[in-house]
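Colleague: Sending over a structure as structure tokens; questions will come in a sec.
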Amino acid sequence: DDANASPSSPSTDKTNSNVTTDKKRTLLRGTVDLQPGVTIPKDDESKLLLSKSALYVTARPNNAVDVPRAILDGSNGKAPPVLAARIPNVQQFPLKFELTELDLTVEGNASFSIDVGSDGNASANGNGKYWWEGKDLVVSARFDSDGVAA
């Protein structure tokens, strides 16, 4: 549970099928489980509550050292989320999830670094990778019983 993870508008609303149906490249996959001893009640009232629930999953670089300056300037020195998703109607745990290119945040979507040549002209290096790929990510999951992010 990451109280500071606040995706402004997760890009996708996934179904709870444990399989994504989009055709974009998978960038992160994992499993969310409850702490030992915690269970989900199975009575009718709980089922109604769970039908409104959502699991919010975010991923951000472990540290801000490698965050591009243009992105870091607006984040108070903390690495911003690069992936964010809302998974509605969670009925059971453990829950397998995948985050794809459809779950990229604005900050995470930067895929080209900019090279400035000796002539002072800027050009994209076109390596096709996101700036955060290959770096350690902190993944946070927050379960919300009413499904409203705020």
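Chains: A, B, ... in order of the structure tokens. Residues: from 1 per chain. Ligands: from 1, in order shown.
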Write down as a JSON list (two decimals) with all heavy atoms, in the first residue's frame the residues of range 12-100 of chain A whose backbone DSSP state falls under helix (DSSP H, G or I).
Modeller:
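Output (states03.json):
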[["chain", "number", "residue", "atom", "x", "y", "z"],
["A", 44, "ASP", "N", -23.21, -11.99, 1.07],
["A", 44, "ASP", "CA", -23.81, -11.21, -0.01],
["A", 44, "ASP", "C", -23.47, -9.72, 0.08],
["A", 44, "ASP", "O", -23.24, -9.06, -0.93],
["A", 44, "ASP", "CB", -25.33, -11.40, -0.02],
["A", 44, "ASP", "CG", -25.73, -12.78, -0.51],
["A", 44, "ASP", "OD1", -24.90, -13.42, -1.19],
["A", 44, "ASP", "OD2", -26.86, -13.21, -0.21],
["A", 45, "GLU", "N", -23.44, -9.19, 1.31],
["A", 45, "GLU", "CA", -23.13, -7.77, 1.48],
["A", 45, "GLU", "C", -21.70, -7.49, 1.02],
["A", 45, "GLU", "O", -21.43, -6.49, 0.36],
["A", 45, "GLU", "CB", -23.30, -7.36, 2.95],
["A", 45, "GLU", "CG", -23.11, -5.88, 3.17],
["A", 45, "GLU", "CD", -23.39, -5.48, 4.62],
["A", 45, "GLU", "OE1", -24.18, -6.17, 5.30],
["A", 45, "GLU", "OE2", -22.80, -4.49, 5.04],
["A", 46, "SER", "N", -20.79, -8.39, 1.34],
["A", 46, "SER", "CA", -19.39, -8.22, 0.93],
["A", 46, "SER", "C", -19.26, -8.34, -0.58],
["A", 46, "SER", "O", -18.48, -7.61, -1.20],
["A", 46, "SER", "CB", -18.50, -9.27, 1.60],
["A", 46, "SER", "OG", -18.51, -9.06, 3.00],
["A", 47, "LYS", "N", -20.02, -9.23, -1.20],
["A", 47, "LYS", "CA", -19.96, -9.38, -2.66],
["A", 47, "LYS", "C", -20.42, -8.10, -3.35],
["A", 47, "LYS", "O", -19.85, -7.69, -4.35],
["A", 47, "LYS", "CB", -20.81, -10.56, -3.12],
["A", 47, "LYS", "CG", -20.18, -11.89, -2.80],
["A", 47, "LYS", "CD", -21.05, -13.04, -3.27],
["A", 47, "LYS", "CE", -20.43, -14.37, -2.85],
["A", 47, "LYS", "NZ", -21.27, -15.50, -3.24],
["A", 48, "LEU", "N", -21.44, -7.45, -2.79],
["A", 48, "LEU", "CA", -21.91, -6.19, -3.35],
["A", 48, "LEU", "C", -20.82, -5.12, -3.22],
["A", 48, "LEU", "O", -20.56, -4.37, -4.17],
["A", 48, "LEU", "CB", -23.20, -5.73, -2.65],
["A", 48, "LEU", "CG", -23.76, -4.39, -3.11],
["A", 48, "LEU", "CD1", -24.14, -4.44, -4.60],
["A", 48, "LEU", "CD2", -24.97, -4.01, -2.27],
["A", 49, "LEU", "N", -20.19, -5.05, -2.07],
["A", 49, "LEU", "CA", -19.11, -4.10, -1.84],
["A", 49, "LEU", "C", -17.97, -4.35, -2.82],
["A", 49, "LEU", "O", -17.44, -3.43, -3.44],
["A", 49, "LEU", "CB", -18.61, -4.18, -0.40],
["A", 49, "LEU", "CG", -17.47, -3.24, -0.03],
["A", 49, "LEU", "CD1", -17.93, -1.80, -0.09],
["A", 49, "LEU", "CD2", -16.95, -3.57, 1.36],
["A", 50, "LEU", "N", -17.58, -5.62, -3.00],
["A", 50, "LEU", "CA", -16.48, -5.96, -3.88],
["A", 50, "LEU", "C", -16.79, -5.63, -5.34],
["A", 50, "LEU", "O", -15.89, -5.35, -6.12],
["A", 50, "LEU", "CB", -16.10, -7.43, -3.75],
["A", 50, "LEU", "CG", -15.41, -7.81, -2.44],
["A", 50, "LEU", "CD1", -15.23, -9.32, -2.34],
["A", 50, "LEU", "CD2", -14.06, -7.11, -2.32],
["A", 51, "SER", "N", -18.06, -5.66, -5.72],
["A", 51, "SER", "CA", -18.41, -5.35, -7.10],
["A", 51, "SER", "C", -18.10, -3.89, -7.44],
["A", 51, "SER", "O", -17.98, -3.53, -8.60],
["A", 51, "SER", "CB", -19.88, -5.65, -7.37],
["A", 51, "SER", "OG", -20.71, -4.73, -6.69],
["A", 69, "ARG", "N", 15.67, 15.35, -16.41],
["A", 69, "ARG", "CA", 15.49, 16.63, -15.70],
["A", 69, "ARG", "C", 14.12, 17.25, -15.98],
["A", 69, "ARG", "O", 13.47, 17.76, -15.08],
["A", 69, "ARG", "CB", 16.61, 17.58, -16.11],
["A", 69, "ARG", "CG", 16.49, 18.95, -15.55],
["A", 69, "ARG", "CD", 17.23, 19.08, -14.29],
["A", 69, "ARG", "NE", 17.01, 20.43, -13.77],
["A", 69, "ARG", "CZ", 17.39, 20.77, -12.59],
["A", 69, "ARG", "NH1", 17.98, 19.90, -11.83],
["A", 69, "ARG", "NH2", 17.16, 21.97, -12.15],
["A", 70, "ALA", "N", 13.68, 17.20, -17.22],
["A", 70, "ALA", "CA", 12.39, 17.83, -17.59],
["A", 70, "ALA", "C", 11.23, 17.17, -16.84],
["A", 70, "ALA", "O", 10.25, 17.83, -16.52],
["A", 70, "ALA", "CB", 12.17, 17.73, -19.09],
["A", 71, "ILE", "N", 11.35, 15.89, -16.55],
["A", 71, "ILE", "CA", 10.30, 15.19, -15.81],
["A", 71, "ILE", "C", 10.45, 15.45, -14.32],
["A", 71, "ILE", "O", 9.48, 15.72, -13.62],
["A", 71, "ILE", "CB", 10.35, 13.68, -16.11],
["A", 71, "ILE", "CG1", 9.98, 13.42, -17.57],
["A", 71, "ILE", "CG2", 9.43, 12.90, -15.17],
["A", 71, "ILE", "CD1", 10.19, 11.99, -18.02],
["A", 72, "LEU", "N", 11.67, 15.39, -13.82],
["A", 72, "LEU", "CA", 11.93, 15.54, -12.39],
["A", 72, "LEU", "C", 11.59, 16.94, -11.88],
["A", 72, "LEU", "O", 11.14, 17.09, -10.75],
["A", 72, "LEU", "CB", 13.40, 15.22, -12.09],
["A", 72, "LEU", "CG", 13.77, 15.01, -10.64],
["A", 72, "LEU", "CD1", 12.96, 13.88, -10.02],
["A", 72, "LEU", "CD2", 15.25, 14.73, -10.50]]
Colleague: For Lys52 in chain A, please output as a list of chain:residue names all residues within 10 Å (counting only C-alpha atoms; exclusion window: fewer than 4 positions along the same chain).
Modeller: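 My reading of the contact set: A:Lys47, A:Leu48, A:Pro88, A:Asn89, A:Val90, A:Asp144, A:Ser145, A:Asp146, A:Gly147, A:Val148.
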Colleague: Take the residues from that selection and put them in a file with all heavy atoms, as a PDB file, in the first residue's frame.
Modeller:
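After the write, result_28.pdb holds the following:
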ATOM      1  N   LYS A  47     -20.016  -9.232  -1.202  1.00  0.00           N
ATOM      2  CA  LYS A  47     -19.962  -9.376  -2.659  1.00  0.00           C
ATOM      3  C   LYS A  47     -20.420  -8.095  -3.347  1.00  0.00           C
ATOM      4  O   LYS A  47     -19.852  -7.685  -4.352  1.00  0.00           O
ATOM      5  CB  LYS A  47     -20.812 -10.560  -3.115  1.00  0.00           C
ATOM      6  CG  LYS A  47     -20.180 -11.894  -2.798  1.00  0.00           C
ATOM      7  CD  LYS A  47     -21.050 -13.037  -3.271  1.00  0.00           C
ATOM      8  CE  LYS A  47     -20.433 -14.367  -2.855  1.00  0.00           C
ATOM      9  NZ  LYS A  47     -21.269 -15.500  -3.242  1.00  0.00           N
ATOM     10  N   LEU A  48     -21.439  -7.446  -2.793  1.00  0.00           N
ATOM     11  CA  LEU A  48     -21.912  -6.185  -3.354  1.00  0.00           C
ATOM     12  C   LEU A  48     -20.825  -5.120  -3.221  1.00  0.00           C
ATOM     13  O   LEU A  48     -20.560  -4.369  -4.165  1.00  0.00           O
ATOM     14  CB  LEU A  48     -23.196  -5.727  -2.652  1.00  0.00           C
ATOM     15  CG  LEU A  48     -23.759  -4.390  -3.110  1.00  0.00           C
ATOM     16  CD1 LEU A  48     -24.137  -4.444  -4.595  1.00  0.00           C
ATOM     17  CD2 LEU A  48     -24.966  -4.005  -2.271  1.00  0.00           C
ATOM     18  N   PRO A  88     -10.774  -3.070 -11.895  1.00  0.00           N
ATOM     19  CA  PRO A  88     -12.049  -3.036 -11.168  1.00  0.00           C
ATOM     20  C   PRO A  88     -12.547  -4.421 -10.787  1.00  0.00           C
ATOM     21  O   PRO A  88     -12.091  -5.435 -11.311  1.00  0.00           O
ATOM     22  CB  PRO A  88     -12.994  -2.389 -12.170  1.00  0.00           C
ATOM     23  CG  PRO A  88     -12.474  -2.832 -13.488  1.00  0.00           C
ATOM     24  CD  PRO A  88     -10.969  -2.888 -13.333  1.00  0.00           C
ATOM     25  N   ASN A  89     -13.507  -4.430  -9.857  1.00  0.00           N
ATOM     26  CA  ASN A  89     -14.261  -5.634  -9.514  1.00  0.00           C
ATOM     27  C   ASN A  89     -13.381  -6.807  -9.091  1.00  0.00           C
ATOM     28  O   ASN A  89     -13.545  -7.922  -9.571  1.00  0.00           O
ATOM     29  CB  ASN A  89     -15.150  -6.022 -10.714  1.00  0.00           C
ATOM     30  CG  ASN A  89     -16.243  -6.986 -10.315  1.00  0.00           C
ATOM     31  OD1 ASN A  89     -16.579  -7.142  -9.144  1.00  0.00           O
ATOM     32  ND2 ASN A  89     -16.793  -7.661 -11.304  1.00  0.00           N
ATOM     33  N   VAL A  90     -12.458  -6.540  -8.199  1.00  0.00           N
ATOM     34  CA  VAL A  90     -11.556  -7.587  -7.714  1.00  0.00           C
ATOM     35  C   VAL A  90     -12.336  -8.483  -6.757  1.00  0.00           C
ATOM     36  O   VAL A  90     -12.878  -8.016  -5.765  1.00  0.00           O
ATOM     37  CB  VAL A  90     -10.329  -6.978  -7.010  1.00  0.00           C
ATOM     38  CG1 VAL A  90      -9.463  -8.051  -6.402  1.00  0.00           C
ATOM     39  CG2 VAL A  90      -9.541  -6.117  -7.990  1.00  0.00           C
ATOM     40  N   ASP A 144      -9.098  -0.497  -3.036  1.00  0.00           N
ATOM     41  CA  ASP A 144     -10.059   0.506  -2.613  1.00  0.00           C
ATOM     42  C   ASP A 144     -11.438  -0.110  -2.709  1.00  0.00           C
ATOM     43  O   ASP A 144     -11.863  -0.538  -3.788  1.00  0.00           O
ATOM     44  CB  ASP A 144      -9.956   1.746  -3.501  1.00  0.00           C
ATOM     45  CG  ASP A 144     -10.757   2.888  -2.945  1.00  0.00           C
ATOM     46  OD1 ASP A 144     -11.973   2.914  -3.168  1.00  0.00           O
ATOM     47  OD2 ASP A 144     -10.164   3.751  -2.267  1.00  0.00           O
ATOM     48  N   SER A 145     -12.168  -0.170  -1.609  1.00  0.00           N
ATOM     49  CA  SER A 145     -13.445  -0.877  -1.582  1.00  0.00           C
ATOM     50  C   SER A 145     -14.555  -0.181  -2.359  1.00  0.00           C
ATOM     51  O   SER A 145     -15.465  -0.837  -2.844  1.00  0.00           O
ATOM     52  CB  SER A 145     -13.904  -1.114  -0.135  1.00  0.00           C
ATOM     53  OG  SER A 145     -14.073   0.125   0.523  1.00  0.00           O
ATOM     54  N   ASP A 146     -14.477   1.162  -2.530  1.00  0.00           N
ATOM     55  CA  ASP A 146     -15.543   1.819  -3.305  1.00  0.00           C
ATOM     56  C   ASP A 146     -15.126   2.101  -4.743  1.00  0.00           C
ATOM     57  O   ASP A 146     -15.919   2.592  -5.535  1.00  0.00           O
ATOM     58  CB  ASP A 146     -16.038   3.088  -2.622  1.00  0.00           C
ATOM     59  CG  ASP A 146     -15.003   4.205  -2.571  1.00  0.00           C
ATOM     60  OD1 ASP A 146     -13.918   4.066  -3.173  1.00  0.00           O
ATOM     61  OD2 ASP A 146     -15.282   5.232  -1.925  1.00  0.00           O
ATOM     62  N   GLY A 147     -13.891   1.801  -5.091  1.00  0.00           N
ATOM     63  CA  GLY A 147     -13.432   1.936  -6.471  1.00  0.00           C
ATOM     64  C   GLY A 147     -13.170   3.341  -6.933  1.00  0.00           C
ATOM     65  O   GLY A 147     -12.897   3.573  -8.098  1.00  0.00           O
ATOM     66  N   VAL A 148     -13.199   4.313  -6.007  1.00  0.00           N
ATOM     67  CA  VAL A 148     -12.927   5.710  -6.350  1.00  0.00           C
ATOM     68  C   VAL A 148     -11.508   6.020  -5.889  1.00  0.00           C
ATOM     69  O   VAL A 148     -11.194   5.833  -4.707  1.00  0.00           O
ATOM     70  CB  VAL A 148     -13.952   6.654  -5.682  1.00  0.00           C
ATOM     71  CG1 VAL A 148     -13.618   8.116  -6.012  1.00  0.00           C
ATOM     72  CG2 VAL A 148     -15.352   6.291  -6.123  1.00  0.00           C
TER      73      VAL A 148
END
Colleague: For Gly134 in chain A, which residue among A:Val106, A:Ala84, A:Asp66, A:Asp33 is the nearest when counting only C-alpha atoms?
Modeller: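 Closest candidate: A:Asp66.
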Colleague: What is the distance between CA of Leu137 in chain A and CA of Val57 in chain A, in Å to one decimal?
Modeller: 12.3 Å
Colleague: Using only C-alpha atoms, which residues sit within 8 Å of Ala59 in chain A once same-chain residues fewer than 2 positions away are excluded, as a PyMOL selection string?
Modeller: chain A and resi 57+61+81-84+137-140
Colleague: Store the residues of this selection in a file with N, CA and C atoms, as a compact mmCIF listing (two decimals), in the first residue's frame.
Modeller:
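Written output follows (selection-v9.txt):
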# COMPACT_ATOMS: atom_id res chain seq x y z
N VAL A 57 -2.71 -0.10 -9.25
CA VAL A 57 -1.32 -0.56 -9.31
C VAL A 57 -0.49 0.53 -9.99
N PRO A 61 10.30 4.43 -10.82
CA PRO A 61 11.71 4.09 -10.60
C PRO A 61 12.05 4.14 -9.12
N PRO A 81 5.31 8.13 -11.08
CA PRO A 81 4.87 6.83 -11.62
C PRO A 81 5.07 6.80 -13.13
N VAL A 82 5.55 5.68 -13.64
CA VAL A 82 5.72 5.51 -15.08
C VAL A 82 4.64 4.60 -15.65
N LEU A 83 4.00 3.81 -14.79
CA LEU A 83 2.89 2.93 -15.17
C LEU A 83 1.81 3.04 -14.10
N ALA A 84 0.55 3.04 -14.52
CA ALA A 84 -0.55 3.09 -13.56
C ALA A 84 -1.77 2.41 -14.18
N LEU A 137 12.17 -0.88 -10.38
CA LEU A 137 10.91 -0.17 -10.16
C LEU A 137 10.32 -0.57 -8.81
N VAL A 138 9.67 0.38 -8.17
CA VAL A 138 8.89 0.11 -6.96
C VAL A 138 7.45 -0.02 -7.41
N VAL A 139 6.85 -1.18 -7.15
CA VAL A 139 5.47 -1.44 -7.56
C VAL A 139 4.60 -1.36 -6.31
N SER A 140 3.54 -0.57 -6.39
CA SER A 140 2.61 -0.41 -5.28
C SER A 140 1.22 -0.81 -5.72
Colleague: From the list A:Gln91, A:Thr105, A:Asn63, A:Thr58, which residue is nearest Arg142 in chain A when using only C-alpha atoms?
Modeller: A:Thr58
Colleague: Find the residues of range 60-117 of chain A that sit at most 9 Å from range 25-29 of chain A; for each, write down the nearest two atoms and how far apart they are in Å, to one decimal. Count only C-alpha atoms. Sort by chain, then by number going up, and give it as a tab-separated table.
Modeller:
residue	atom	partner	partner_atom	distance
A:Leu83	CA	A:Leu28	CA	8.8
A:Lys96	CA	A:Arg29	CA	7.5
A:Phe97	CA	A:Arg29	CA	5.6
A:Glu98	CA	A:Arg29	CA	4.2
A:Leu99	CA	A:Leu28	CA	5.1
A:Thr100	CA	A:Thr26	CA	4.2
A:Glu101	CA	A:Arg25	CA	5.9
A:Leu102	CA	A:Arg25	CA	8.6
Colleague: Go ahead and dump the residues you just picked, all heavy atoms, as a PDB file, in the first residue's frame.
Modeller:
ATOM      1  N   LEU A  83       4.004   3.809 -14.788  1.00  0.00           N
ATOM      2  CA  LEU A  83       2.895   2.931 -15.166  1.00  0.00           C
ATOM      3  C   LEU A  83       1.814   3.042 -14.102  1.00  0.00           C
ATOM      4  O   LEU A  83       2.129   3.119 -12.906  1.00  0.00           O
ATOM      5  CB  LEU A  83       3.350   1.473 -15.256  1.00  0.00           C
ATOM      6  CG  LEU A  83       4.361   1.131 -16.343  1.00  0.00           C
ATOM      7  CD1 LEU A  83       5.044  -0.202 -16.031  1.00  0.00           C
ATOM      8  CD2 LEU A  83       3.668   1.071 -17.691  1.00  0.00           C
ATOM      9  N   LYS A  96      -3.275 -12.030 -10.468  1.00  0.00           N
ATOM     10  CA  LYS A  96      -2.207 -11.790 -11.433  1.00  0.00           C
ATOM     11  C   LYS A  96      -2.583 -10.569 -12.267  1.00  0.00           C
ATOM     12  O   LYS A  96      -3.747 -10.369 -12.596  1.00  0.00           O
ATOM     13  CB  LYS A  96      -2.015 -13.004 -12.334  1.00  0.00           C
ATOM     14  CG  LYS A  96      -1.473 -14.199 -11.597  1.00  0.00           C
ATOM     15  CD  LYS A  96      -1.259 -15.358 -12.531  1.00  0.00           C
ATOM     16  CE  LYS A  96      -0.731 -16.537 -11.721  1.00  0.00           C
ATOM     17  NZ  LYS A  96      -0.461 -17.695 -12.590  1.00  0.00           N
ATOM     18  N   PHE A  97      -1.574  -9.742 -12.600  1.00  0.00           N
ATOM     19  CA  PHE A  97      -1.827  -8.557 -13.414  1.00  0.00           C
ATOM     20  C   PHE A  97      -0.681  -8.367 -14.402  1.00  0.00           C
ATOM     21  O   PHE A  97       0.411  -8.886 -14.219  1.00  0.00           O
ATOM     22  CB  PHE A  97      -1.992  -7.304 -12.545  1.00  0.00           C
ATOM     23  CG  PHE A  97      -0.715  -6.870 -11.871  1.00  0.00           C
ATOM     24  CD1 PHE A  97       0.144  -5.978 -12.498  1.00  0.00           C
ATOM     25  CD2 PHE A  97      -0.379  -7.356 -10.623  1.00  0.00           C
ATOM     26  CE1 PHE A  97       1.326  -5.587 -11.884  1.00  0.00           C
ATOM     27  CE2 PHE A  97       0.799  -6.971 -10.005  1.00  0.00           C
ATOM     28  CZ  PHE A  97       1.652  -6.084 -10.630  1.00  0.00           C
ATOM     29  N   GLU A  98      -0.976  -7.623 -15.451  1.00  0.00           N
ATOM     30  CA  GLU A  98       0.024  -7.192 -16.421  1.00  0.00           C
ATOM     31  C   GLU A  98      -0.196  -5.716 -16.696  1.00  0.00           C
ATOM     32  O   GLU A  98      -1.330  -5.271 -16.843  1.00  0.00           O
ATOM     33  CB  GLU A  98      -0.117  -7.954 -17.743  1.00  0.00           C
ATOM     34  CG  GLU A  98       0.289  -9.395 -17.678  1.00  0.00           C
ATOM     35  CD  GLU A  98       0.230 -10.073 -19.042  1.00  0.00           C
ATOM     36  OE1 GLU A  98      -0.238  -9.443 -20.023  1.00  0.00           O
ATOM     37  OE2 GLU A  98       0.654 -11.227 -19.123  1.00  0.00           O
ATOM     38  N   LEU A  99       0.894  -4.966 -16.760  1.00  0.00           N
ATOM     39  CA  LEU A  99       0.833  -3.572 -17.169  1.00  0.00           C
ATOM     40  C   LEU A  99       1.497  -3.487 -18.536  1.00  0.00           C
ATOM     41  O   LEU A  99       2.583  -4.029 -18.744  1.00  0.00           O
ATOM     42  CB  LEU A  99       1.526  -2.662 -16.160  1.00  0.00           C
ATOM     43  CG  LEU A  99       0.972  -2.702 -14.729  1.00  0.00           C
ATOM     44  CD1 LEU A  99       1.703  -1.699 -13.840  1.00  0.00           C
ATOM     45  CD2 LEU A  99      -0.511  -2.444 -14.696  1.00  0.00           C
ATOM     46  N   THR A 100       0.811  -2.832 -19.464  1.00  0.00           N
ATOM     47  CA  THR A 100       1.281  -2.756 -20.844  1.00  0.00           C
ATOM     48  C   THR A 100       1.544  -1.303 -21.227  1.00  0.00           C
ATOM     49  O   THR A 100       1.388  -0.398 -20.401  1.00  0.00           O
ATOM     50  CB  THR A 100       0.237  -3.353 -21.808  1.00  0.00           C
ATOM     51  OG1 THR A 100      -0.887  -2.465 -21.870  1.00  0.00           O
ATOM     52  CG2 THR A 100      -0.207  -4.743 -21.370  1.00  0.00           C
ATOM     53  N   GLU A 101       1.873  -1.102 -22.481  1.00  0.00           N
ATOM     54  CA  GLU A 101       2.082   0.255 -22.972  1.00  0.00           C
ATOM     55  C   GLU A 101       0.824   1.113 -22.842  1.00  0.00           C
ATOM     56  O   GLU A 101       0.907   2.330 -22.797  1.00  0.00           O
ATOM     57  CB  GLU A 101       2.566   0.215 -24.423  1.00  0.00           C
ATOM     58  CG  GLU A 101       3.986  -0.317 -24.519  1.00  0.00           C
ATOM     59  CD  GLU A 101       4.480  -0.453 -25.944  1.00  0.00           C
ATOM     60  OE1 GLU A 101       3.665  -0.735 -26.840  1.00  0.00           O
ATOM     61  OE2 GLU A 101       5.689  -0.283 -26.142  1.00  0.00           O
ATOM     62  N   LEU A 102      -0.326   0.489 -22.744  1.00  0.00           N
ATOM     63  CA  LEU A 102      -1.568   1.243 -22.533  1.00  0.00           C
ATOM     64  C   LEU A 102      -1.644   1.829 -21.125  1.00  0.00           C
ATOM     65  O   LEU A 102      -2.457   2.712 -20.863  1.00  0.00           O
ATOM     66  CB  LEU A 102      -2.784   0.350 -22.785  1.00  0.00           C
ATOM     67  CG  LEU A 102      -2.960  -0.128 -24.225  1.00  0.00           C
ATOM     68  CD1 LEU A 102      -4.114  -1.127 -24.315  1.00  0.00           C
ATOM     69  CD2 LEU A 102      -3.188   1.043 -25.153  1.00  0.00           C
TER      70      LEU A 102
END
